[in-house]
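Undergrad: The following file, structure_8.cif, comprises mmCIF, C-alpha atoms:
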```
data_my_file
loop_
_atom_site.label_atom_id
_atom_site.label_comp_id
_atom_site.auth_asym_id
_atom_site.auth_seq_id
_atom_site.Cartn_x
_atom_site.Cartn_y
_atom_site.Cartn_z
CA MET D 839 154.70 110.58 38.11
CA SER D 840 155.45 108.11 40.87
CA SER D 841 154.55 110.61 43.61
CA ILE D 842 151.19 111.36 41.93
CA ARG D 843 150.26 107.66 42.00
CA LYS D 844 151.02 107.50 45.74
CA ARG D 845 148.78 110.47 46.50
CA GLY D 846 146.03 109.11 44.32
CA ALA D 847 146.21 105.78 46.15
CA LEU D 848 145.82 107.40 49.57
CA PRO D 849 141.98 107.34 49.57
CA LEU D 850 142.11 103.64 48.73
CA VAL D 851 144.55 103.06 51.56
CA LEU D 852 142.35 104.96 54.03
CA ALA D 853 139.27 103.06 52.89
CA ALA D 854 141.08 99.80 53.32
CA LEU D 855 142.26 100.96 56.72
CA ALA D 856 138.73 101.70 57.83
CA LEU D 857 137.47 98.33 56.65
CA ALA D 858 140.35 96.52 58.29
CA ALA D 859 139.83 98.34 61.59
CA ALA D 860 136.15 97.45 61.58
CA ALA D 861 136.57 93.84 60.52
CA ALA D 862 139.87 92.73 62.00
CA GLY D 863 141.95 95.67 63.10
CA GLY D 864 139.50 96.67 65.86
CA ALA D 865 141.50 94.52 68.22
CA TRP D 866 144.52 96.72 67.63
CA ALA D 867 142.58 99.80 68.70
CA ALA D 868 141.16 98.00 71.72
CA SER D 869 144.57 96.80 72.86
CA SER D 870 146.38 100.03 72.17
CA GLY D 871 144.81 101.96 75.05
CA GLY D 872 144.57 105.09 72.87
CA LYS D 873 148.24 104.99 71.82
CA THR D 874 149.51 105.35 68.26
CA ILE D 875 148.77 102.34 66.05
CA THR D 876 151.23 101.46 63.30
CA VAL D 877 150.60 98.98 60.47
CA CYS D 878 152.22 98.10 57.20
CA VAL D 879 150.60 98.84 53.85
CA LYS D 880 151.30 96.51 50.97
CA LYS D 881 152.50 98.29 47.87
CA LYS D 882 150.28 96.11 45.69
CA GLY D 883 146.62 96.32 46.63
CA GLY D 884 147.03 98.41 49.80
CA ALA D 885 146.29 95.55 52.20
CA LEU D 886 147.21 96.17 55.82
CA TYR D 887 149.21 93.91 58.09
CA LYS D 888 150.91 94.25 61.45
CA ALA D 889 154.63 93.53 61.76
CA LYS D 890 157.65 94.75 63.67
CA LYS D 891 159.26 95.60 60.34
CA CYS D 892 157.49 96.16 57.05
CA ALA D 893 158.56 94.25 54.00
CA LYS D 894 160.70 95.97 51.37
CA HIS D 895 158.71 98.36 49.18
CA ASP D 896 155.80 98.36 51.71
CA SER D 897 155.17 101.49 53.74
CA LYS D 898 154.16 102.26 57.31
CA LEU D 899 150.94 103.94 58.29
CA SER D 900 150.18 105.27 61.79
CA TRP D 901 147.11 106.79 63.42
CA ASN D 902 145.76 107.55 66.87
CA LYS D 903 142.91 110.02 66.32
CA VAL D 904 139.69 109.39 68.27
CA GLY D 905 136.50 109.87 66.30
CA PRO D 906 133.94 112.51 67.27
CA ALA D 907 131.42 111.71 70.02
CA GLY D 908 127.98 110.63 68.89
CA ALA D 909 124.84 112.60 69.58
CA ALA D 910 123.27 112.14 73.02
CA GLY D 911 120.40 109.67 73.14
CA LYS D 912 116.88 110.64 74.11
CA ASN D 913 115.90 110.55 77.75
CA GLY D 914 113.84 107.54 78.74
CA THR D 915 110.28 107.88 79.98
CA ASN D 916 110.06 108.42 83.73
CA GLY D 917 108.66 105.46 85.62
CA THR D 918 105.60 105.75 87.83
CA ASN D 919 106.50 106.63 91.38
CA GLY D 920 105.63 103.82 93.78
CA LEU D 921 103.55 104.45 96.87
CA PRO D 922 105.40 104.35 100.19
CA ALA D 923 105.22 101.03 102.01
CA VAL D 924 102.78 101.08 104.90
CA ALA D 925 102.85 98.38 107.55
CA TYR D 926 100.97 97.76 110.80
CA TYR D 927 102.01 95.45 113.62
CA ALA D 928 100.69 94.18 116.94
CA ALA D 929 102.20 91.70 119.38
CA ASP D 930 101.50 90.34 122.85
CA SER D 931 103.79 88.11 124.87
CA HIS D 932 100.99 87.18 127.31
CA GLN D 933 99.69 83.60 127.49
CA TYR D 934 95.91 83.32 127.78
CA GLU D 935 94.87 80.31 129.89
CA PHE D 936 91.62 78.55 129.08
CA THR D 937 89.31 77.42 131.84
CA PRO D 938 87.44 74.10 131.62
CA ALA D 939 84.27 76.10 130.97
CA THR D 940 85.67 77.93 127.94
CA SER D 941 83.42 77.03 125.01
CA ASP D 942 83.67 80.02 122.68
CA TYR D 943 86.34 81.93 120.85
CA GLU D 944 88.34 84.19 123.15
CA PRO D 945 90.25 87.18 121.70
CA ILE D 946 94.02 86.77 121.97
CA LEU D 947 95.22 89.77 119.92
CA ARG D 948 93.62 92.57 117.88
CA LEU D 949 94.94 94.98 115.20
CA SER D 950 92.90 97.89 113.80
CA LEU D 951 93.48 98.82 110.13
CA PRO D 952 92.25 101.78 108.04
CA ALA D 953 90.57 101.26 104.67
CA GLY D 954 92.83 99.65 102.09
CA ASP D 955 94.17 96.40 100.66
CA TYR D 956 96.41 94.34 102.93
CA SER D 957 98.48 91.19 103.01
CA ILE D 958 98.21 89.99 106.60
CA THR D 959 100.16 87.31 108.44
CA GLY D 960 99.99 86.23 112.05
CA ASN D 961 100.85 83.48 114.48
CA VAL D 962 100.02 82.32 117.99
CA GLY D 963 101.68 79.82 120.26
CA VAL D 964 99.49 77.13 121.81
CA GLU D 965 100.23 74.83 124.71
CA ALA D 966 98.50 71.91 126.41
CA ALA D 967 99.73 70.19 129.56
CA ASP D 968 98.28 66.88 130.80
CA ILE D 969 98.03 67.06 134.57
CA GLY D 970 96.70 63.63 135.37
CA ASP D 971 94.57 61.62 132.90
CA ALA D 972 96.63 59.60 130.41
CA SER D 973 93.57 58.85 128.28
CA ALA D 974 92.42 62.45 127.84
CA THR D 975 92.55 64.22 124.50
CA TYR D 976 92.65 67.93 123.82
CA GLN D 977 92.00 70.30 120.95
CA ILE D 978 92.67 74.03 120.69
CA GLU D 979 91.16 75.84 117.73
CA CYS D 980 92.42 79.31 116.70
CA GLU D 981 91.47 81.61 113.87
CA MET D 982 92.56 84.92 112.39
CA VAL D 983 89.53 86.92 111.27
CA ASP D 984 88.69 90.42 110.04
CA GLY D 985 84.91 90.06 110.13
CA SER D 986 84.30 88.78 106.60
CA ASN D 987 87.43 86.66 106.09
CA SER D 988 88.92 84.06 108.35
CA GLU D 989 91.47 81.28 108.47
CA VAL D 990 91.18 78.53 111.06
CA GLU D 991 94.00 76.38 112.42
CA TYR D 992 93.92 73.54 114.93
CA GLN D 993 96.24 72.05 117.51
CA ASP D 994 95.18 68.69 118.91
CA GLY D 995 96.67 65.48 120.23
CA LEU D 996 96.53 62.60 122.69
CA THR D 997 98.89 62.68 125.65
CA SER D 998 100.44 59.50 126.92
CA GLY D 999 100.76 60.20 130.62
CA PRO D 1000 100.66 62.71 133.43
CA LEU D 1001 102.71 65.91 133.07
CA ASP D 1002 103.06 65.56 129.29
CA LEU D 1003 103.39 68.93 127.54
CA ALA D 1004 102.61 69.77 123.92
CA ARG D 1005 103.58 73.09 122.28
CA ASN D 1006 103.11 74.40 118.75
CA THR D 1007 102.85 77.64 116.77
CA LEU D 1008 99.83 78.17 114.53
CA SER D 1009 100.39 80.47 111.53
CA PHE D 1010 97.83 82.41 109.50
CA GLY D 1011 97.62 84.41 106.27
CA LEU D 1012 94.83 86.61 104.90
CA ASP D 1013 94.37 89.00 101.95
CA VAL D 1014 91.98 91.76 103.04
CA ASP D 1015 90.34 94.40 100.84
CA THR D 1016 88.29 96.84 102.90
CA THR D 1017 86.68 100.21 102.18
CA ALA D 1018 86.31 101.04 105.87
CA THR D 1019 88.27 100.64 109.07
CA THR D 1020 88.45 96.99 110.05
CA GLU D 1021 89.81 94.98 112.96
CA VAL D 1022 91.88 91.86 112.49
CA ALA D 1023 91.95 89.48 115.44
CA ILE D 1024 93.43 86.17 116.50
CA GLU D 1025 90.92 84.21 118.57
CA CYS D 1026 91.21 80.79 120.19
CA GLU D 1027 88.78 78.28 121.64
CA ASN D 1028 89.10 75.26 123.92
CA GLN D 1029 87.57 72.28 122.10
CA THR D 1030 88.78 69.47 124.35
CA ASN D 1031 86.92 66.27 123.52
CA SER D 1032 87.21 64.45 126.84
CA GLY D 1033 88.91 64.67 130.21
CA ASN D 1034 88.63 68.45 130.04
CA ALA D 1035 89.80 69.00 133.61
CA SER D 1036 92.96 66.96 132.96
CA PHE D 1037 94.54 69.69 130.82
CA ILE D 1038 95.87 73.16 131.29
CA GLU D 1039 95.57 74.86 127.89
CA LYS D 1040 97.12 78.20 126.89
CA ALA D 1041 97.38 80.44 123.82
CA GLY D 1042 100.13 83.01 123.28
CA PRO D 1043 102.43 84.78 122.65
CA SER D 1044 100.91 86.15 119.45
CA GLN D 1045 101.58 88.68 116.68
CA ILE D 1046 99.88 90.16 113.60
CA SER D 1047 101.59 91.96 110.69
CA ALA D 1048 99.71 93.80 107.93
CA VAL D 1049 101.42 95.27 104.84
CA GLN D 1050 99.37 97.54 102.59
CA VAL D 1051 99.40 96.45 98.94
CA GLN D 1052 98.17 97.99 95.70
CA SER D 1053 95.29 95.63 95.10
CA THR D 1054 94.06 92.10 95.63
CA HIS D 1055 92.40 90.07 92.87
CA ASP D 1056 91.20 86.58 93.73
CA GLY D 1057 94.01 86.16 96.21
CA TYR D 1058 96.68 87.59 93.92
CA ILE D 1059 98.63 90.45 95.47
CA GLU D 1060 100.24 93.27 93.52
CA PRO D 1061 102.82 94.93 95.81
CA MET D 1062 103.03 98.71 95.95
#
```
Let's see the structure in the file written out as structure tokens.

TA:
Amino acid sequence: MSSIRKRGALPLVLAALALAAAAAGGAWAASSGGKTITVCVKKKGGALYKAKKCAKHDSKLSWNKVGPAGAAGKNGTNGTNGLPAVAYYAADSHQYEFTPATSDYEPILRLSLPAGDYSITGNVGVEAADIGDASATYQIECEMVDGSNSEVEYQDGLTSGPLDLARNTLSFGLDVDTTATTEVAIECENQTNSGNASFIEKAGPSQISAVQVQSTHDGYIEPM
């Protein structure tokens, strides 16, 4: 009769074991590294506890079986393939020297681009040297333009004496959306206000970089 009660209690013990493993005994499984786990089962109620030696009348219960693997999950939706990055670049280390008679924009560097949307950056070095008149002022105006868009930057100042030298780098940025081949250029102009012959003015070196992008909307760029 006693042995029948023990067998009948086994489902209760296993149920309690499962609940204990889920609620509190999971740490035992995690720390066991897949080895056999042994716990004590109270005779009254079937509660589980961990001890080096079970109390009198309580029994030991061991297990180490790994449950079956779950079904494989569904494959995720493939992402859209991005377009390859396309970039164009032009550079010139030459310094263009303005003459006193220069009164219009002079091309410093050009870059031809096929139809598309582009994020374009560029820069040009400018230099002015006072060769004699301490009261003279100078102004160099440069722009980066693609025909319909442009950004203008200035370099100007007042020198304090003969042989003074001023250098700077002017930087540009344009978003260009074109349906036909276009040419981006950096152009500079001598706009000296007075004492024109007292300065030597130069522009360069220069560079232009254009990276093709997916689209441009009111100046907002969505990369490829």

Undergrad: Do you have the atom CA of D:Asn919-atom CA of D:Leu1012 distance handy?

TA: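 These two atoms are separated by 26.8 Å.
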
Undergrad: Would you translate the PyMOL selection byres ((chain D and resi 891-898) around 6) into the concrete set of residues it matches in this file, as a CSV table (one decimal) with C-alpha atoms, in the coordinates of the input?

TA:
```csv
chain,number,residue,atom,x,y,z
D,877,VAL,CA,150.6,99.0,60.5
D,878,CYS,CA,152.2,98.1,57.2
D,879,VAL,CA,150.6,98.8,53.8
D,880,LYS,CA,151.3,96.5,51.0
D,881,LYS,CA,152.5,98.3,47.9
D,889,ALA,CA,154.6,93.5,61.8
D,890,LYS,CA,157.6,94.8,63.7
D,899,LEU,CA,150.9,103.9,58.3
```

Undergrad: Quick one: residues within 7 Å of D:Met982, all atoms listed in the file, excluding same-chain residues fewer than 5 positions away - as a PyMOL selection string?

TA: chain D and resi 988-990+1010+1022-1025

Undergrad: From the set D:Asn961, D:Asn1006, D:Thr1016, D:Gln1045, which residue has the shortest atom-to-atom contact distance to D:Gly985, counting only C-alpha atoms?

TA: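 Using only C-alpha atoms, the shortest distance to D:Gly985 belongs to D:Thr1016.
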
Undergrad: Would you work out the distance separating atom CA of D:Tyr887 from atom CA of D:Lys903, expressed in Å to one decimal?

TA: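 Distance reported for this atom pair: 19.2 Å.
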
Undergrad: Nearest to D:Gln1029 among D:Leu947, D:Val964, D:Val904, D:Ile978, with distances taken over all atoms listed in the file: which residue is it?

TA: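 Smallest distance to D:Gln1029 is found for D:Ile978.
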
Undergrad: Just give me the gap between atom CA of D:Glu965 and atom CA of D:Thr1007 in Å, one decimal is fine.

TA: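 Pair atom CA of D:Glu965 / atom CA of D:Thr1007 returns 8.8 Å.
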
Undergrad: If we count all atoms listed in the file and set the cut-off at 9 Å, which residues sit around D:Val1014, ignoring sequence neighbours fewer than 5 positions away in its own chain? Please answer as a list in words.

TA: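 Everything that qualifies: Gly954, Asp955, Tyr956, Ser957, Ile958, Asp984, Ser986, Asn987 and Thr1054 of chain D.
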
Undergrad: Between D:Leu1003, D:Ala1048, D:Ile946, D:Val983, single out the one closest to D:Glu1027, counting all atoms listed in the file.

TA: D:Ile946

Undergrad: Find the residues near D:Phe936: any atom within 12 Å, counting only C-alpha atoms, skip ones fewer than 6 places away on the same chain, and give them as a compact mmCIF listing (two decimals) with C-alpha atoms, in the frame of the given file.

TA:
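Writing the result to out04.txt gives the following:
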```
# COMPACT_ATOMS: atom_id res chain seq x y z
CA ASP D 942 83.67 80.02 122.68
CA TYR D 943 86.34 81.93 120.85
CA GLU D 944 88.34 84.19 123.15
CA PRO D 945 90.25 87.18 121.70
CA ILE D 946 94.02 86.77 121.97
CA VAL D 964 99.49 77.13 121.81
CA GLU D 965 100.23 74.83 124.71
CA ALA D 966 98.50 71.91 126.41
CA ALA D 967 99.73 70.19 129.56
CA TYR D 976 92.65 67.93 123.82
CA GLN D 977 92.00 70.30 120.95
CA ILE D 978 92.67 74.03 120.69
CA GLU D 979 91.16 75.84 117.73
CA GLU D 1025 90.92 84.21 118.57
CA CYS D 1026 91.21 80.79 120.19
CA GLU D 1027 88.78 78.28 121.64
CA ASN D 1028 89.10 75.26 123.92
CA GLN D 1029 87.57 72.28 122.10
CA THR D 1030 88.78 69.47 124.35
CA ASN D 1034 88.63 68.45 130.04
CA ALA D 1035 89.80 69.00 133.61
CA PHE D 1037 94.54 69.69 130.82
CA ILE D 1038 95.87 73.16 131.29
CA GLU D 1039 95.57 74.86 127.89
CA LYS D 1040 97.12 78.20 126.89
CA ALA D 1041 97.38 80.44 123.82
CA GLY D 1042 100.13 83.01 123.28
```

Undergrad: Counting only C-alpha atoms, select every polymer residue within 6 Å of (145.9, 105.4, 69.0) as defined in the file's coordinates, and provide the selection as a list in words.

TA: Gly872, Lys873, Thr874, Ile875, Trp901 and Asn902 of chain D

Undergrad: Quick one: write out the picked residues with C-alpha atoms as a CSV table (one decimal), in the frame of the given file?

TA:
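Contents of selection.csv, as written:
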```csv
chain,number,residue,atom,x,y,z
D,872,GLY,CA,144.6,105.1,72.9
D,873,LYS,CA,148.2,105.0,71.8
D,874,THR,CA,149.5,105.4,68.3
D,875,ILE,CA,148.8,102.3,66.0
D,901,TRP,CA,147.1,106.8,63.4
D,902,ASN,CA,145.8,107.6,66.9
```

Undergrad: Measuring between all atoms listed in the file, which one of D:Ser950, D:Ser1009, D:Thr1017, D:Gln1052 shows the shortest distance to D:Ala923?

TA: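 Looking only at the distances to D:Ala923, the closest residue turns out to be D:Gln1052.
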
Undergrad: If the PyMOL selection byres ((chain D and resi 927) around 8) were run on this exact file, what residues would it hold? Put them as a PyMOL selection string.

TA: chain D and resi 925-926+928-929+949+1045-1048
